[in-house]
Each structure stands twice: as C-alpha cells, then as structure tokens.
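S.K.: My questions all concern the structure below.
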Amino acid sequence: MPQIRLINIYVSDLEQAKLWYCEILGFELAQDLPPLAAQLKHEGIILLLHKAERPTESTFWTDSMVTLAIPTDDIRKDIAELRNKNVELLHDEPQYSPFGDWIAFKDPFGNVLELVQFER
C-alpha cells in the first residue's frame, strides 16, 4: 500500500515562506536546509518548504492541484485570525461538504491550503 512520507511546498522566497508558515499558520521550523529547503515540525509526514523559481499561477477550482487540509476545532475563530493577518481567503464564509466545513486560502506564493472543521 502506498504511504505518503513527504510533502513539498514549493515557494519562490524561502525566507518569507519560513516566516509566513511559522507566524501565520503556527508551524515550527524543524530544520533549516539552505539555500533550497526548510523542514517544518509535523507529526508523521515531513513538510518541506522547497525553493522554486516563481510563484504558482494556478486558479482554485479551475486548475488541477493538490491542497493541504489543516484541521481546526473552531473554523470561524481561525477564519477571523487569518483575516486579521491579511491572509487571502478564497471564500467569504465556510463552505459545506460531507466531511465538514472548510475554507480555502492562499499562501504568498499562490499555493492553496484549506482549513477544515471535520464533522464528528
């Protein structure tokens, strides 16, 4: 059975990405691997910020892509925090799906992430 062990998040500015993912989303830096990468602390799966030449130009819901889903216990509180930190939200309100409420947002490099409050 296939198992995911590493997720690369490609970013055009590694220093800015380390700050954004740590200060905005609350990750911690596990290992700095200059000049091309930095590993974020995470249980089970390695999250690697990896240097890219330019930001992504994909459009959510139009282009094929992979998104990271970050679980939350209080999506409305976390949405308010993201708004206060000037994060680009792709919806005005949480969206409903069979697995729970979610909202998509972008990092400064055009990567799409999602907050998900999973149904219990």
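Letters for chains follow the order of the structure tokens (A, B, ...), residue numbers begin at 1 for each chain, and ligand numbers begin at 1 in the order shown.
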Using only C-alpha atoms, which protein or nucleic acid residues come within 8 Å of Ala30 of chain A? Drop anything in the same chain fewer than 4 positions from it, and give the result as a list in words.
M.R.: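 Listing them by chain and then by number gives Ala38, Gln39, Leu40 and Lys41 of chain A.
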S.K.: His42 of chain A: which residues within 12 Å, counting only C-alpha atoms, same-chain residues fewer than 4 positions away excluded, as a compact mmCIF listing (two decimals) with N, CA and C atoms, in the first residue's frame?
M.R.:
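Wrote result.txt, looks like this:
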```txt
# COMPACT_ATOMS: atom_id res chain seq x y z
N ARG A 5 5.03 10.10 2.81
CA ARG A 5 6.03 10.38 3.84
C ARG A 5 6.55 11.82 3.79
N LEU A 6 6.38 12.47 2.64
CA LEU A 6 6.95 13.81 2.45
C LEU A 6 6.02 14.62 1.56
N ILE A 7 5.78 15.86 1.96
CA ILE A 7 5.04 16.80 1.12
C ILE A 7 5.92 18.01 0.91
N CYS A 22 5.36 29.84 9.80
CA CYS A 22 5.53 29.80 11.25
C CYS A 22 4.67 30.86 11.95
N GLY A 26 1.43 28.94 12.39
CA GLY A 26 1.83 28.35 13.67
C GLY A 26 2.73 27.14 13.60
N PHE A 27 3.26 26.82 12.43
CA PHE A 27 4.23 25.72 12.36
C PHE A 27 5.53 26.16 13.02
N GLU A 28 6.37 25.21 13.35
CA GLU A 28 7.70 25.49 13.87
C GLU A 28 8.73 24.97 12.89
N LEU A 29 9.84 25.66 12.82
CA LEU A 29 10.94 25.22 11.96
C LEU A 29 11.65 24.05 12.62
N ALA A 30 11.74 22.94 11.92
CA ALA A 30 12.43 21.76 12.45
C ALA A 30 13.89 21.76 12.03
N GLN A 31 14.13 22.13 10.77
CA GLN A 31 15.49 22.10 10.26
C GLN A 31 15.60 23.06 9.09
N ILE A 46 6.69 14.48 6.65
CA ILE A 46 7.65 15.57 6.55
C ILE A 46 7.05 16.66 5.66
N LEU A 47 7.00 17.88 6.18
CA LEU A 47 6.57 19.04 5.40
C LEU A 47 7.83 19.84 5.07
N LEU A 48 8.11 19.98 3.78
CA LEU A 48 9.34 20.62 3.35
C LEU A 48 9.02 21.84 2.49
N ILE A 70 -5.81 21.53 6.74
CA ILE A 70 -5.37 21.70 8.11
C ILE A 70 -6.59 21.65 9.01
```
S.K.: I want to know what sits within 9 Å of segment 92-95 of chain A, based on only C-alpha atoms, with residues of the same chain fewer than 4 positions away left out; could you give that as a compact mmCIF listing (two decimals) with N, CA and C atoms, in the first residue's frame?
M.R.:
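The file below, part.txt, is the result:
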```
# COMPACT_ATOMS: atom_id res chain seq x y z
N ILE A 75 -13.59 26.73 13.17
CA ILE A 75 -13.26 27.32 11.87
C ILE A 75 -13.54 28.83 11.84
N ARG A 76 -14.61 29.28 12.47
CA ARG A 76 -14.94 30.71 12.45
C ARG A 76 -13.88 31.54 13.20
N ILE A 79 -10.80 31.57 10.94
CA ILE A 79 -11.01 32.46 9.79
C ILE A 79 -10.80 33.91 10.21
N GLY A 100 -17.20 17.97 6.37
CA GLY A 100 -17.19 19.07 7.32
C GLY A 100 -17.13 20.42 6.64
N ASP A 101 -17.07 21.47 7.46
CA ASP A 101 -16.96 22.83 6.93
C ASP A 101 -15.50 23.13 6.61
N TRP A 102 -15.30 23.91 5.54
CA TRP A 102 -13.93 24.22 5.12
C TRP A 102 -13.87 25.59 4.48
N ILE A 103 -12.67 26.13 4.43
CA ILE A 103 -12.42 27.38 3.71
C ILE A 103 -11.02 27.28 3.10
N ALA A 104 -10.90 27.76 1.87
CA ALA A 104 -9.61 27.75 1.18
C ALA A 104 -8.95 29.12 1.28
N VAL A 116 -10.16 22.92 7.73
CA VAL A 116 -11.32 22.03 7.73
C VAL A 116 -11.74 21.73 9.17
```
S.K.: Residues at most 12 Å from Met65 of chain A, counting only C-alpha atoms, excluding those fewer than 2 positions away in the same chain, as a list in words?
M.R.: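 My reading of the contact set: Thr56, Glu57, Ser58, Thr59, Phe60, Trp61, Thr62, Asp63, Thr67, Leu68, Gly110, Asn111, Val112 and Leu113 of chain A.
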S.K.: Separation of atom CA of Leu36 of chain A and atom CA of Val87 of chain A, in Å?
M.R.: 24.6 Å
S.K.: If you run DSSP on the backbone here, which positions in segment 16-118 of chain A get strand (DSSP E or B)? Please write them as a VMD selection string.
M.R.: chain A and resid 29 to 33 37 to 40 46 to 51 68 to 71 88 to 89 95 to 97 100 to 106 112 to 118
S.K.: With C-alpha atoms kept, could you save the residues just selected as an mmCIF file, in the first residue's frame?
M.R.:
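Once everything was written out, this is out05.cif:
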```cif
data_model
loop_
_atom_site.group_PDB
_atom_site.id
_atom_site.type_symbol
_atom_site.label_atom_id
_atom_site.label_comp_id
_atom_site.auth_asym_id
_atom_site.auth_seq_id
_atom_site.Cartn_x
_atom_site.Cartn_y
_atom_site.Cartn_z
ATOM 1 C CA LEU A 29 10.936 25.224 11.960
ATOM 2 C CA ALA A 30 12.427 21.763 12.452
ATOM 3 C CA GLN A 31 15.486 22.097 10.257
ATOM 4 C CA ASP A 32 16.884 24.813 8.040
ATOM 5 C CA LEU A 33 18.397 23.363 4.851
ATOM 6 C CA ALA A 37 14.725 23.975 1.694
ATOM 7 C CA ALA A 38 13.440 24.141 5.256
ATOM 8 C CA GLN A 39 11.601 21.417 7.160
ATOM 9 C CA LEU A 40 8.607 22.262 9.333
ATOM 10 C CA ILE A 46 7.649 15.570 6.550
ATOM 11 C CA LEU A 47 6.575 19.043 5.398
ATOM 12 C CA LEU A 48 9.336 20.620 3.348
ATOM 13 C CA LEU A 49 9.356 24.209 2.125
ATOM 14 C CA HIS A 50 11.289 23.969 -1.122
ATOM 15 C CA LYS A 51 12.694 26.860 -3.171
ATOM 16 C CA LEU A 68 -3.238 20.677 2.178
ATOM 17 C CA ALA A 69 -6.140 20.394 4.631
ATOM 18 C CA ILE A 70 -5.367 21.701 8.113
ATOM 19 C CA PRO A 71 -7.836 20.574 10.779
ATOM 20 C CA GLU A 88 -6.066 35.857 1.095
ATOM 21 C CA LEU A 89 -9.251 33.833 1.698
ATOM 22 C CA GLN A 95 -18.148 26.019 2.686
ATOM 23 C CA TYR A 96 -20.011 22.804 3.464
ATOM 24 C CA SER A 97 -19.000 19.340 2.325
ATOM 25 C CA GLY A 100 -17.185 19.070 7.325
ATOM 26 C CA ASP A 101 -16.959 22.834 6.932
ATOM 27 C CA TRP A 102 -13.931 24.219 5.124
ATOM 28 C CA ILE A 103 -12.420 27.377 3.714
ATOM 29 C CA ALA A 104 -9.608 27.745 1.179
ATOM 30 C CA PHE A 105 -6.854 30.359 1.338
ATOM 31 C CA LYS A 106 -3.555 31.117 -0.375
ATOM 32 C CA VAL A 112 -3.836 26.834 -1.855
ATOM 33 C CA LEU A 113 -4.426 25.456 1.632
ATOM 34 C CA GLU A 114 -7.666 24.654 3.428
ATOM 35 C CA LEU A 115 -8.887 24.849 7.000
ATOM 36 C CA VAL A 116 -11.320 22.027 7.726
ATOM 37 C CA GLN A 117 -13.589 21.549 10.716
ATOM 38 C CA PHE A 118 -14.306 17.852 10.318
#
```
S.K.: Enumerate, as an NGL selection string, the complete set of residues in chain A that a backbone-based DSSP assignment places in helix (DSSP H, G or I).
M.R.: :A and (14-24 or 75-84)
S.K.: Counting only C-alpha atoms, which residue out of A:Glu119, A:Asn8, A:Pro108, A:Lys85 sits closest to Ile24 of chain A?
M.R.: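 Nearest candidate to Ile24 of chain A out of A:Glu119, A:Asn8, A:Pro108, A:Lys85: A:Lys85.
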